[in-house]
Structure formats: C-alpha cells, structure tokens
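Participant: CSV, C-alpha atoms, file target-v8.csv:
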chain,number,residue,atom,x,y,z
A,1,MET,CA,13.4,16.9,-116.0
A,2,ALA,CA,10.3,17.2,-113.8
A,3,LYS,CA,10.4,19.3,-110.7
A,4,LEU,CA,12.0,17.4,-107.8
A,5,VAL,CA,10.5,18.2,-104.4
A,6,PHE,CA,12.9,18.4,-101.4
A,7,TYR,CA,12.5,19.2,-97.7
A,8,ILE,CA,14.9,20.8,-95.2
A,9,THR,CA,14.8,19.4,-91.7
A,10,ASP,CA,16.7,20.1,-88.5
A,11,VAL,CA,17.5,16.8,-86.8
A,12,PHE,CA,18.5,16.4,-83.1
A,13,ALA,CA,17.1,19.9,-82.7
A,14,GLU,CA,15.0,21.3,-79.8
A,15,GLU,CA,14.0,24.2,-82.0
A,16,LYS,CA,14.4,25.5,-85.6
A,17,PHE,CA,17.9,26.4,-86.7
A,18,ALA,CA,19.6,24.1,-84.2
A,19,GLY,CA,20.7,20.6,-84.6
A,20,ASN,CA,22.0,19.2,-87.9
A,21,GLN,CA,20.3,20.3,-91.1
A,22,LEU,CA,19.4,17.8,-93.8
A,23,ALA,CA,18.0,18.0,-97.3
A,24,VAL,CA,15.7,15.1,-98.3
A,25,TYR,CA,14.7,14.6,-101.9
A,26,ARG,CA,11.5,12.8,-102.8
A,27,ASN,CA,10.8,10.4,-105.7
A,28,ALA,CA,14.5,10.6,-106.7
A,29,GLY,CA,14.7,7.1,-108.4
A,30,THR,CA,15.2,8.6,-111.9
A,31,LEU,CA,18.4,10.5,-110.8
A,32,SER,CA,21.7,9.0,-111.7
A,33,SER,CA,24.4,8.5,-109.0
A,34,GLU,CA,26.4,11.3,-110.5
A,35,LYS,CA,23.4,13.7,-110.3
A,36,MET,CA,22.8,12.8,-106.7
A,37,GLN,CA,26.4,13.4,-105.9
A,38,LYS,CA,26.3,16.8,-107.6
A,39,ILE,CA,23.2,17.8,-105.7
A,40,ALA,CA,24.7,16.8,-102.4
A,41,LYS,CA,27.8,18.9,-103.2
A,42,GLU,CA,25.7,21.9,-104.1
A,43,MET,CA,23.5,21.5,-100.9
A,44,HIS,CA,26.8,21.3,-98.9
A,45,PHE,CA,25.1,19.9,-95.8
A,46,SER,CA,27.0,17.1,-94.1
A,47,GLU,CA,24.6,14.7,-95.9
A,48,THR,CA,21.7,14.8,-98.3
A,49,THR,CA,19.3,11.9,-98.8
A,50,PHE,CA,17.3,10.7,-101.8
A,51,ILE,CA,14.1,8.7,-101.4
A,52,LEU,CA,14.1,6.5,-104.5
A,53,SER,CA,10.4,5.5,-104.4
A,54,GLU,CA,7.3,6.1,-102.4
A,55,LYS,CA,6.5,2.4,-102.6
A,56,GLN,CA,8.0,0.1,-100.1
A,57,ARG,CA,10.2,-2.8,-101.0
A,58,ASP,CA,10.7,-5.7,-98.6
A,59,GLY,CA,8.9,-3.6,-95.9
A,60,GLY,CA,11.1,-0.6,-96.2
A,61,TYR,CA,11.8,2.5,-98.3
A,62,ASP,CA,14.8,2.6,-100.6
A,63,VAL,CA,17.1,5.5,-99.6
A,64,ARG,CA,20.5,6.7,-100.6
A,65,ILE,CA,22.7,9.0,-98.6
A,66,PHE,CA,25.4,11.3,-100.0
A,67,SER,CA,27.9,13.6,-98.3
A,68,PRO,CA,29.3,16.4,-100.5
A,69,GLU,CA,32.2,14.0,-101.3
A,70,LYS,CA,30.8,10.5,-101.6
A,71,GLU,CA,27.9,8.1,-101.0
A,72,MET,CA,27.6,6.9,-97.4
A,73,PRO,CA,26.5,3.4,-96.4
A,74,PHE,CA,24.9,4.8,-93.2
A,75,ALA,CA,24.6,8.0,-91.3
A,76,GLY,CA,22.6,8.9,-88.3
A,77,HIS,CA,20.8,12.2,-88.7
A,78,PRO,CA,19.9,11.5,-92.4
A,79,THR,CA,18.3,8.2,-91.3
A,80,LEU,CA,16.1,9.9,-88.7
A,81,GLY,CA,15.4,13.0,-90.8
A,82,THR,CA,14.4,10.9,-93.9
A,83,ALA,CA,12.1,8.7,-91.8
A,84,PHE,CA,10.5,11.9,-90.4
A,85,VAL,CA,9.9,13.2,-94.0
A,86,ILE,CA,8.4,9.9,-95.1
A,87,GLN,CA,6.0,9.8,-92.1
A,88,GLN,CA,5.0,13.5,-92.5
A,89,GLU,CA,4.8,13.9,-96.3
A,90,ILE,CA,4.3,10.4,-97.8
A,91,ILE,CA,2.5,8.3,-95.2
A,92,GLU,CA,0.7,11.4,-93.7
A,93,GLN,CA,-0.6,9.5,-90.7
A,94,LYS,CA,0.6,8.1,-87.4
A,95,VAL,CA,2.8,5.0,-87.7
A,96,ASP,CA,4.9,3.3,-85.0
A,97,GLU,CA,7.8,2.6,-87.3
A,98,VAL,CA,9.3,3.4,-90.7
A,99,VAL,CA,12.1,1.2,-92.1
A,100,LEU,CA,14.8,2.5,-94.4
A,101,ASN,CA,16.6,0.3,-96.9
A,102,LEU,CA,20.2,1.6,-96.8
A,103,LYS,CA,23.5,0.4,-98.1
A,104,VAL,CA,24.3,-1.0,-94.7
A,105,GLY,CA,21.0,-2.8,-94.5
A,106,GLN,CA,17.5,-2.2,-93.1
A,107,ILE,CA,17.4,0.4,-90.3
A,108,PRO,CA,14.1,0.7,-88.4
A,109,VAL,CA,13.0,4.1,-87.0
A,110,SER,CA,10.4,4.2,-84.2
A,111,PHE,CA,8.1,7.1,-83.6
A,112,TYR,CA,6.8,8.5,-80.3
A,113,TYR,CA,4.1,11.2,-80.4
A,114,LYS,CA,2.7,14.1,-78.6
A,115,GLY,CA,-0.7,14.5,-80.0
A,116,ASN,CA,-0.6,14.0,-83.7
A,117,ARG,CA,3.0,15.2,-84.1
A,118,PRO,CA,6.1,13.0,-83.7
A,119,ASP,CA,7.9,14.1,-80.6
A,120,THR,CA,10.9,11.7,-80.6
A,121,LEU,CA,12.3,9.3,-83.1
A,122,PHE,CA,14.7,6.4,-82.4
A,123,MET,CA,16.7,4.3,-84.8
A,124,LYS,CA,18.0,0.8,-84.1
A,125,GLN,CA,21.6,0.7,-85.3
A,126,VAL,CA,23.6,-2.3,-86.4
A,127,PRO,CA,25.4,-3.9,-83.4
A,128,PRO,CA,28.7,-2.2,-83.0
A,129,THR,CA,32.0,-3.7,-83.9
A,130,PHE,CA,35.4,-2.7,-82.4
A,131,GLY,CA,38.7,-2.1,-84.2
A,132,ARG,CA,42.1,-0.6,-83.6
A,133,ILE,CA,43.3,0.9,-80.3
A,134,VAL,CA,45.2,4.1,-81.0
A,135,ASP,CA,48.1,5.6,-78.9
A,136,PRO,CA,46.6,8.5,-76.8
A,137,LYS,CA,49.7,10.6,-77.5
A,138,THR,CA,49.2,10.4,-81.2
A,139,VAL,CA,45.5,11.4,-81.0
A,140,SER,CA,46.3,14.3,-78.5
A,141,GLU,CA,48.6,15.8,-81.1
A,142,VAL,CA,46.0,15.4,-83.9
A,143,LEU,CA,43.4,17.2,-81.7
A,144,SER,CA,45.8,19.8,-80.4
A,145,VAL,CA,45.1,18.9,-76.7
A,146,ASN,CA,47.5,17.9,-73.9
A,147,LEU,CA,48.2,14.3,-73.4
A,148,ASP,CA,46.9,14.7,-69.8
A,149,ASP,CA,43.5,15.8,-71.3
A,150,VAL,CA,42.9,12.3,-72.6
A,151,ASP,CA,41.2,10.0,-70.0
A,152,ALA,CA,43.7,7.2,-69.6
A,153,ARG,CA,41.2,5.0,-67.8
A,154,PHE,CA,39.6,4.2,-71.2
A,155,PRO,CA,41.1,3.4,-74.6
A,156,VAL,CA,41.1,5.5,-77.8
A,157,GLU,CA,39.3,3.0,-80.0
A,158,GLU,CA,37.7,2.5,-83.4
A,159,VAL,CA,34.0,1.6,-83.3
A,160,SER,CA,31.5,1.1,-86.1
A,161,THR,CA,27.8,0.6,-86.4
A,162,GLY,CA,28.0,0.8,-90.2
A,163,LEU,CA,30.3,3.8,-90.3
A,164,PRO,CA,33.5,3.7,-88.3
A,165,PHE,CA,34.6,6.5,-85.9
A,166,LEU,CA,37.6,6.9,-83.6
A,167,ILE,CA,36.2,7.4,-80.0
A,168,VAL,CA,38.4,9.6,-77.7
A,169,PRO,CA,37.6,10.0,-74.0
A,170,ILE,CA,38.5,13.5,-72.7
A,171,LYS,CA,38.5,14.6,-69.1
A,172,THR,CA,37.1,18.1,-69.2
A,173,LEU,CA,34.8,20.4,-71.1
A,174,ASN,CA,37.6,23.0,-71.4
A,175,ALA,CA,39.8,20.4,-73.2
A,176,VAL,CA,36.9,19.5,-75.6
A,177,LYS,CA,36.3,23.2,-76.3
A,178,LYS,CA,39.9,23.9,-77.2
A,179,ALA,CA,40.3,20.9,-79.5
A,180,ARG,CA,41.3,21.7,-83.1
A,181,THR,CA,42.5,19.2,-85.7
A,182,ASN,CA,46.0,19.5,-86.9
A,183,ARG,CA,45.3,18.9,-90.6
A,184,ASP,CA,48.6,17.2,-91.5
A,185,LYS,CA,48.6,14.9,-88.5
A,186,TYR,CA,44.9,14.2,-88.9
A,187,PHE,CA,45.3,12.9,-92.4
A,188,LYS,CA,48.4,11.0,-91.5
A,189,LEU,CA,46.5,9.2,-88.8
A,190,ILE,CA,43.3,8.3,-90.8
A,191,GLU,CA,45.4,6.9,-93.6
A,192,ARG,CA,46.1,3.9,-91.4
A,193,LEU,CA,42.6,3.6,-89.9
A,194,ASP,CA,39.2,2.5,-91.1
A,195,ALA,CA,37.7,5.5,-89.2
A,196,LYS,CA,37.9,8.8,-91.1
A,197,ALA,CA,36.3,10.9,-88.4
A,198,ILE,CA,37.0,11.4,-84.7
A,199,LEU,CA,34.4,11.8,-81.8
A,200,LEU,CA,35.7,13.1,-78.5
A,201,PHE,CA,33.5,13.3,-75.4
A,202,CYS,CA,33.6,14.3,-71.8
A,203,PRO,CA,31.3,14.1,-68.7
A,204,GLU,CA,31.2,17.9,-68.2
A,205,THR,CA,28.4,19.7,-70.0
A,206,TYR,CA,27.0,23.1,-70.9
A,207,SER,CA,23.5,22.1,-69.9
A,208,LYS,CA,22.7,20.7,-66.5
A,209,ASP,CA,20.3,18.3,-68.1
A,210,SER,CA,22.9,16.7,-70.3
A,211,ASP,CA,25.0,13.6,-69.4
A,212,LEU,CA,27.9,14.1,-71.9
A,213,ASN,CA,29.3,16.7,-74.2
A,214,VAL,CA,30.5,15.6,-77.6
A,215,ARG,CA,32.4,17.0,-80.6
A,216,MET,CA,33.0,15.3,-84.0
A,217,PHE,CA,35.6,16.2,-86.5
A,218,GLY,CA,35.4,14.5,-89.9
A,219,ASP,CA,36.5,14.4,-93.5
A,220,TYR,CA,33.2,14.5,-95.4
A,221,GLY,CA,33.4,17.9,-97.0
A,222,ILE,CA,32.2,19.3,-93.6
A,223,THR,CA,35.1,19.7,-91.1
A,224,GLU,CA,32.9,19.5,-87.9
A,225,ASP,CA,29.4,18.2,-87.5
A,226,PRO,CA,26.9,19.8,-85.1
A,227,ALA,CA,25.2,16.5,-84.4
A,228,SER,CA,26.1,13.0,-85.6
A,229,GLY,CA,23.8,10.1,-84.9
A,230,SER,CA,26.1,7.5,-86.4
A,231,ALA,CA,29.1,8.7,-84.3
A,232,ASN,CA,27.0,8.8,-81.2
A,233,GLY,CA,25.7,5.3,-81.8
A,234,CYS,CA,29.4,4.2,-81.9
A,235,LEU,CA,29.9,6.1,-78.6
A,236,ALA,CA,26.9,4.3,-77.0
A,237,GLY,CA,28.4,1.0,-77.9
A,238,TYR,CA,31.8,2.1,-76.5
A,239,LEU,CA,30.4,3.3,-73.2
A,240,VAL,CA,28.7,0.0,-72.4
A,241,LYS,CA,31.5,-2.1,-73.6
A,242,HIS,CA,34.0,-0.3,-71.3
A,243,GLY,CA,31.5,0.3,-68.4
A,244,TYR,CA,32.1,4.1,-68.6
A,245,PHE,CA,29.2,4.7,-66.2
A,246,GLY,CA,29.8,1.5,-64.3
A,247,LYS,CA,26.9,-0.5,-65.8
A,248,ASN,CA,25.9,-2.5,-68.8
A,249,LYS,CA,22.9,-0.3,-69.7
A,250,ILE,CA,22.7,3.4,-70.5
A,251,ASP,CA,20.0,5.9,-71.2
A,252,LEU,CA,21.7,9.3,-71.8
A,253,ARG,CA,21.1,12.9,-73.0
A,254,VAL,CA,24.1,13.9,-75.1
A,255,GLU,CA,24.8,17.5,-76.2
A,256,GLN,CA,26.7,18.4,-79.4
A,257,GLY,CA,27.2,21.5,-81.6
A,258,TYR,CA,27.4,24.1,-78.8
A,259,GLU,CA,30.9,25.2,-80.0
A,260,MET,CA,29.3,25.8,-83.5
A,261,GLY,CA,26.3,27.8,-82.3
A,262,ARG,CA,23.9,24.9,-83.3
A,263,PRO,CA,23.2,23.2,-80.0
A,264,SER,CA,21.9,19.7,-80.5
A,265,LEU,CA,20.4,17.0,-78.2
A,266,LEU,CA,20.8,13.3,-78.9
A,267,LEU,CA,19.3,10.5,-76.9
A,268,LEU,CA,21.3,7.3,-76.5
A,269,LYS,CA,20.2,3.9,-75.2
A,270,ALA,CA,22.5,0.9,-75.2
A,271,GLU,CA,22.7,-2.4,-73.4
A,272,LYS,CA,25.4,-5.0,-73.3
A,273,LYS,CA,24.4,-8.7,-73.1
A,274,PRO,CA,26.6,-11.8,-73.5
A,275,GLY,CA,27.9,-11.7,-77.0
A,276,ARG,CA,25.9,-8.7,-78.2
A,277,ILE,CA,25.5,-4.9,-77.7
A,278,SER,CA,22.3,-3.2,-78.8
A,279,VAL,CA,22.2,0.5,-79.6
A,280,LEU,CA,19.4,3.0,-80.1
A,281,VAL,CA,19.9,6.7,-81.1
A,282,GLY,CA,17.1,9.2,-80.9
A,283,GLY,CA,16.1,12.8,-81.0
A,284,ARG,CA,13.7,15.3,-82.5
A,285,ALA,CA,13.2,16.4,-86.1
A,286,ILE,CA,11.7,19.7,-87.2
A,287,MET,CA,10.5,20.6,-90.7
A,288,VAL,CA,12.1,23.9,-91.8
A,289,ALA,CA,11.4,24.4,-95.5
A,290,LYS,CA,10.1,22.8,-98.7
A,291,GLY,CA,11.3,23.5,-102.2
A,292,GLU,CA,11.6,22.3,-105.7
A,293,LEU,CA,14.6,21.5,-107.9
A,294,ILE,CA,13.8,22.6,-111.4
As structure tokens, please, write out the structure in this file.

Facilitator:
Amino acid sequence: MAKLVFYITDVFAEEKFAGNQLAVYRNAGTLSSEKMQKIAKEMHFSETTFILSEKQRDGGYDVRIFSPEKEMPFAGHPTLGTAFVIQQEIIEQKVDEVVLNLKVGQIPVSFYYKGNRPDTLFMKQVPPTFGRIVDPKTVSEVLSVNLDDVDARFPVEEVSTGLPFLIVPIKTLNAVKKARTNRDKYFKLIERLDAKAILLFCPETYSKDSDLNVRMFGDYGITEDPASGSANGCLAGYLVKHGYFGKNKIDLRVEQGYEMGRPSLLLLKAEKKPGRISVLVGGRAIMVAKGELI
C-alpha cells in the first residue's frame, strides 16, 4: 500500500498540547472500513477522520469519522479539525468556507482569519432535537454527586444535533470537579437512552473569561473528552430552549478539559426562533505534526 499522509491537530486549543487531539488522514478513499476502524483504534484519540478524496462532491469533501470503537455519523472537533487540514494542506489558500460530507449530512465550516492564518473556525450544526427527560436522582447516582448538586430549575434532558447527549445542569464548579461515573449505573442508564454520553455543566469557571465550565463522560473508547464540539452544540440548543441565561440568543465562551490537564476553549452561538433553533460551534485549531502510515 502507498504511504498514507496524516496530520495531528489540536482542536479547541489556545496553544499546542491543549484542546482535543485529532488524527486526519488524507486521500484515504482506498481504505476499507475495517482498515479505518483498525487505524482509529491504534491512534486511540477520541476520533480519527479520513478524507476520502481531495476532489469535491456536491460542493463538499467526503469524510468519515471513527472513534476507537465505531464509525460516527457526526462529531464536533473532528469536523473543525478536518476542515482546518483541508484548508491548510489541500486548498492552501484563504477560503471563507469548507463543507464536509458526513454521515449526518453536509456540515459547513466557516473560517475567520488573522493575517493569512485561520484564527477561528465555526461549524453550523444540524438543528437540535430533544428527547427523554431523566430523573435527577438517577443521574446524580451515575455521576457520584449529591442530588442537591443538580440544578432543579432545569431538566436533565437528551439533546441531539446528529449525535445524542444527556445534558445535566450542575450548580457549582466543585460538584463538576468531583463528578465520577459509576460504571455499573452508567451502563444501566444508557441502555435505555439514545444518548451514550453525558455532558454536565455549571456557571462557575476556572477562567474569568469563560461563561460555563463543562465536562463530558462517554463510551467511545475514551472515558472523558477534553473538548467535545458535538456535545457542546447540544448544550447550546438546550440553553436557548430553556432560557438558561434568560434570553433566546447566546454567544458564549465555554471551558472544558481543565480537570484533565488539557484546557480547551469552545465558542457557542445559538438562537431560538419560532419552530427552529440554530447552533454554531467554534474554536481554534493548531497543526501539531505530520506523518506517514507505511
């Protein structure tokens, strides 16, 4: 097999070796699904992406996303990181937008520049849909926090923008910090949910510039993610649906990954209009390394 070029990027990172790492493979259209899955398992990042061709189809680039365990229809930081690689290494010039053809559909990624380098990328997510409401007592036991730590003003609710998450409002940063999944209770809960991962958030933060602190626990071969664009997109839809900040429109800086030593920054924009919620998730991407798979 010919050498296969790949790139390592840090997504939602203010500097190298922060944020969420991603491996992006270029010209991977000849690889079988089984080979892609094997590579993703060996990379052992939360997700690995494969650009199938450098030629566009229907105005977008065909991309597949794999976790170490399975193929994903959509994921946030892989979408931004892959669009960044396409702009930097394939297009090699300024563009306003790159569209990815994913299992969930076409996802556009917009670029904002400082000089000739992309400064911030934003992806427009599929409008959120809302699912089951879960008993706060059940989820407090899953997360090993006190029932009083869950903010009873808002529901514990499933939300999806292509990948479902259970959104849990928490009152304090201390409660978020001490959260740990009870493995047996976690798997018992997700057996009856569409969501297989849990995002918990609170209004207290480590950084004075942040608006929310977030943690995400999942079942994708990686127990906890330092930054999840798909989960935070669901959070953005949840926040405007329930008027968490008392308004129908938000523009937020969200921190994640501090408890893991990989501090990340995600930018969330959302707006609720009659019959529809729109969501944008953004952040920075940084090129870390380039390699070849022999």

Participant: What gap, in Å, lies between atom CA of A:Lys247 and atom CA of A:Pro274?

Facilitator: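 These atoms are spaced 13.7 Å apart.
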
Participant: For stretch 224-256 of chain A against stretch 56-77 of chain A, with a cut-off of 12 Å and counting only C-alpha atoms, what is the closest atom pair and its distance in Å to one decimal for every residue that makes the cut, ordered by chain and number, as JSON lines?

Facilitator:
{"residue": "A:Asp225", "atom": "CA", "partner": "A:His77", "partner_atom": "CA", "distance": 10.6}
{"residue": "A:Pro226", "atom": "CA", "partner": "A:His77", "partner_atom": "CA", "distance": 10.4}
{"residue": "A:Ala227", "atom": "CA", "partner": "A:His77", "partner_atom": "CA", "distance": 7.5}
{"residue": "A:Ser228", "atom": "CA", "partner": "A:Gly76", "partner_atom": "CA", "distance": 6.0}
{"residue": "A:Gly229", "atom": "CA", "partner": "A:Gly76", "partner_atom": "CA", "distance": 3.8}
{"residue": "A:Ser230", "atom": "CA", "partner": "A:Gly76", "partner_atom": "CA", "distance": 4.2}
{"residue": "A:Ala231", "atom": "CA", "partner": "A:Gly76", "partner_atom": "CA", "distance": 7.6}
{"residue": "A:Asn232", "atom": "CA", "partner": "A:Gly76", "partner_atom": "CA", "distance": 8.4}
{"residue": "A:Gly233", "atom": "CA", "partner": "A:Gly76", "partner_atom": "CA", "distance": 8.1}
{"residue": "A:Cys234", "atom": "CA", "partner": "A:Gly76", "partner_atom": "CA", "distance": 10.5}

Participant: Taking into account only C-alpha atoms, which residue in the set A:Gly162, A:Gly283, A:Gly243, A:Pro118 is nearest to A:Gln87?

Facilitator: A:Pro118

Participant: With only C-alpha atoms as the basis for distance, which of A:Ile39, A:Ile167, A:Ile91, A:Leu4 is at the shortest distance from A:Leu239?

Facilitator: A:Ile167

Participant: Restricting the calculation to all atoms listed in the file: of A:Pro263, A:Gly131, A:Gly275, A:Gly237, which residue gets closest to A:Val156?

Facilitator: A:Gly131

Participant: Work out how far apart atom CA of A:Val134 and atom CA of A:Gly257 are and give it in Å to one decimal.

Facilitator: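 Between atom CA of A:Val134 and atom CA of A:Gly257 the gap is 25.0 Å.
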
Participant: Would you mind telling me which residue in A:Gln37, A:Lys208, A:Lys55, A:Phe12 lies nearest to A:Leu268 when using all atoms listed in the file?

Facilitator: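 Answer, going by the shortest atom-to-atom distance: A:Phe12.
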
Participant: Find, counting all atoms listed in the file, the residue in A:Thr79, A:Gln125, A:Gln256, A:Asn146 that gets nearest to A:Lys269.

Facilitator: A:Gln125

Participant: Using all atoms listed in the file, which protein or nucleic acid residues come within 9 Å of A:Arg132? Drop anything in the same chain fewer than 6 positions from it, and give the result as a list in words.

Facilitator: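 Neighbouring residues, sequence-local ones excluded: Val156, Glu157, Glu158, Val159, Leu166, Leu193 and Asp194 of chain A.
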
Participant: Give me the residues near A:Ser264 as a PyMOL selection string, where near means some atom within 12 Å (using only C-alpha atoms) and where sequence neighbours in that chain fewer than 6 positions away do not count.

Facilitator: chain A and resi 10-21+77+206-207+210+212-215+225-229+253-258+282-285

Participant: Report as a PyMOL selection string all protein, DNA and RNA residues lying within 10 Å of A:Lys178, evaluated on all atoms listed in the file, omitting residues in the same chain fewer than 3 positions from it.

Facilitator: chain A and resi 143-145+173-175+259

Participant: So what do you get for atom CA of A:Pro155 versus atom CA of A:Thr172, distance-wise?

Facilitator: 16.2 Å

Participant: Can you work out which one of A:Ser110, A:Thr181, A:Ser140, A:Ser33 has the shortest atom-to-atom distance to A:Thr223, counting only C-alpha atoms?

Facilitator: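 For A:Thr223, the nearest of the candidates is A:Thr181.
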
Participant: Can you list, as a VMD selection string, every protein, DNA or RNA residue that comes within 12 Å of A:Lys3 when you count only C-alpha atoms, leaving out same-chain residues fewer than 2 positions away?

Facilitator: chain A and resid 1 5 to 6 25 to 28 30 to 31 291 to 294

Participant: Export C-alpha atoms of the chosen residues as a compact mmCIF listing (two decimals), in the frame of the given file?

Facilitator:
# COMPACT_ATOMS: atom_id res chain seq x y z
CA MET A 1 13.40 16.90 -116.00
CA VAL A 5 10.50 18.20 -104.40
CA PHE A 6 12.90 18.40 -101.40
CA TYR A 25 14.70 14.60 -101.90
CA ARG A 26 11.50 12.80 -102.80
CA ASN A 27 10.80 10.40 -105.70
CA ALA A 28 14.50 10.60 -106.70
CA THR A 30 15.20 8.60 -111.90
CA LEU A 31 18.40 10.50 -110.80
CA GLY A 291 11.30 23.50 -102.20
CA GLU A 292 11.60 22.30 -105.70
CA LEU A 293 14.60 21.50 -107.90
CA ILE A 294 13.80 22.60 -111.40

Participant: So that I can check the surroundings of A:Ser160, please list as a list in words every protein, DNA and RNA residue that reaches within 7 Å of it, counting all atoms listed in the file and ignoring chain neighbours fewer than 3 positions away.

Facilitator: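 The neighbour list is Pro128, Thr129, Phe130, Leu163, Pro164, Phe165 and Cys234 of chain A.
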
Participant: Any chance you could build stretch 229-250 of chain A out to N, CA and C atoms and write it as a JSON list (two decimals), in the coordinates of the input?

Facilitator:
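Wrote rebuild15.json, looks like this:
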[["chain", "number", "residue", "atom", "x", "y", "z"],
["A", 229, "GLY", "N", 24.43, 11.23, -85.48],
["A", 229, "GLY", "CA", 23.80, 10.10, -84.90],
["A", 229, "GLY", "C", 24.65, 8.81, -85.05],
["A", 230, "SER", "N", 25.32, 8.65, -86.20],
["A", 230, "SER", "CA", 26.10, 7.50, -86.40],
["A", 230, "SER", "C", 27.33, 7.45, -85.43],
["A", 231, "ALA", "N", 27.98, 8.61, -85.26],
["A", 231, "ALA", "CA", 29.10, 8.70, -84.30],
["A", 231, "ALA", "C", 28.67, 8.44, -82.89],
["A", 232, "ASN", "N", 27.52, 9.00, -82.52],
["A", 232, "ASN", "CA", 27.00, 8.80, -81.20],
["A", 232, "ASN", "C", 26.55, 7.39, -80.91],
["A", 233, "GLY", "N", 26.06, 6.72, -81.96],
["A", 233, "GLY", "CA", 25.70, 5.30, -81.80],
["A", 233, "GLY", "C", 26.98, 4.48, -81.51],
["A", 234, "CYS", "N", 28.09, 4.82, -82.17],
["A", 234, "CYS", "CA", 29.40, 4.20, -81.90],
["A", 234, "CYS", "C", 29.79, 4.47, -80.42],
["A", 235, "LEU", "N", 29.59, 5.73, -80.01],
["A", 235, "LEU", "CA", 29.90, 6.10, -78.60],
["A", 235, "LEU", "C", 29.09, 5.29, -77.64],
["A", 236, "ALA", "N", 27.80, 5.11, -77.92],
["A", 236, "ALA", "CA", 26.90, 4.30, -77.00],
["A", 236, "ALA", "C", 27.47, 2.93, -76.83],
["A", 237, "GLY", "N", 27.86, 2.29, -77.95],
["A", 237, "GLY", "CA", 28.40, 1.00, -77.90],
["A", 237, "GLY", "C", 29.72, 0.93, -77.05],
["A", 238, "TYR", "N", 30.56, 1.93, -77.27],
["A", 238, "TYR", "CA", 31.80, 2.10, -76.50],
["A", 238, "TYR", "C", 31.58, 2.21, -75.04],
["A", 239, "LEU", "N", 30.61, 3.02, -74.66],
["A", 239, "LEU", "CA", 30.40, 3.30, -73.20],
["A", 239, "LEU", "C", 29.95, 2.05, -72.49],
["A", 240, "VAL", "N", 29.08, 1.23, -73.08],
["A", 240, "VAL", "CA", 28.70, 0.00, -72.40],
["A", 240, "VAL", "C", 29.73, -1.07, -72.43],
["A", 241, "LYS", "N", 30.47, -1.11, -73.53],
["A", 241, "LYS", "CA", 31.50, -2.10, -73.60],
["A", 241, "LYS", "C", 32.54, -1.92, -72.48],
["A", 242, "HIS", "N", 32.92, -0.65, -72.24],
["A", 242, "HIS", "CA", 34.00, -0.30, -71.30],
["A", 242, "HIS", "C", 33.42, 0.05, -69.90],
["A", 243, "GLY", "N", 32.10, -0.02, -69.70],
["A", 243, "GLY", "CA", 31.50, 0.30, -68.40],
["A", 243, "GLY", "C", 31.83, 1.71, -67.95],
["A", 244, "TYR", "N", 31.76, 2.68, -68.88],
["A", 244, "TYR", "CA", 32.10, 4.10, -68.60],
["A", 244, "TYR", "C", 31.32, 4.60, -67.37],
["A", 245, "PHE", "N", 30.04, 4.23, -67.31],
["A", 245, "PHE", "CA", 29.20, 4.70, -66.20],
["A", 245, "PHE", "C", 29.02, 3.57, -65.15],
["A", 246, "GLY", "N", 29.85, 2.53, -65.25],
["A", 246, "GLY", "CA", 29.80, 1.50, -64.30],
["A", 246, "GLY", "C", 28.69, 0.49, -64.40],
["A", 247, "LYS", "N", 28.06, 0.45, -65.59],
["A", 247, "LYS", "CA", 26.90, -0.50, -65.80],
["A", 247, "LYS", "C", 26.86, -0.89, -67.24],
["A", 248, "ASN", "N", 26.07, -1.93, -67.48],
["A", 248, "ASN", "CA", 25.90, -2.50, -68.80],
["A", 248, "ASN", "C", 24.77, -1.92, -69.60],
["A", 249, "LYS", "N", 24.08, -0.94, -69.05],
["A", 249, "LYS", "CA", 22.90, -0.30, -69.70],
["A", 249, "LYS", "C", 22.93, 1.16, -69.49],
["A", 250, "ILE", "N", 22.69, 1.92, -70.57],
["A", 250, "ILE", "CA", 22.70, 3.40, -70.50],
["A", 250, "ILE", "C", 21.45, 3.97, -71.10]]
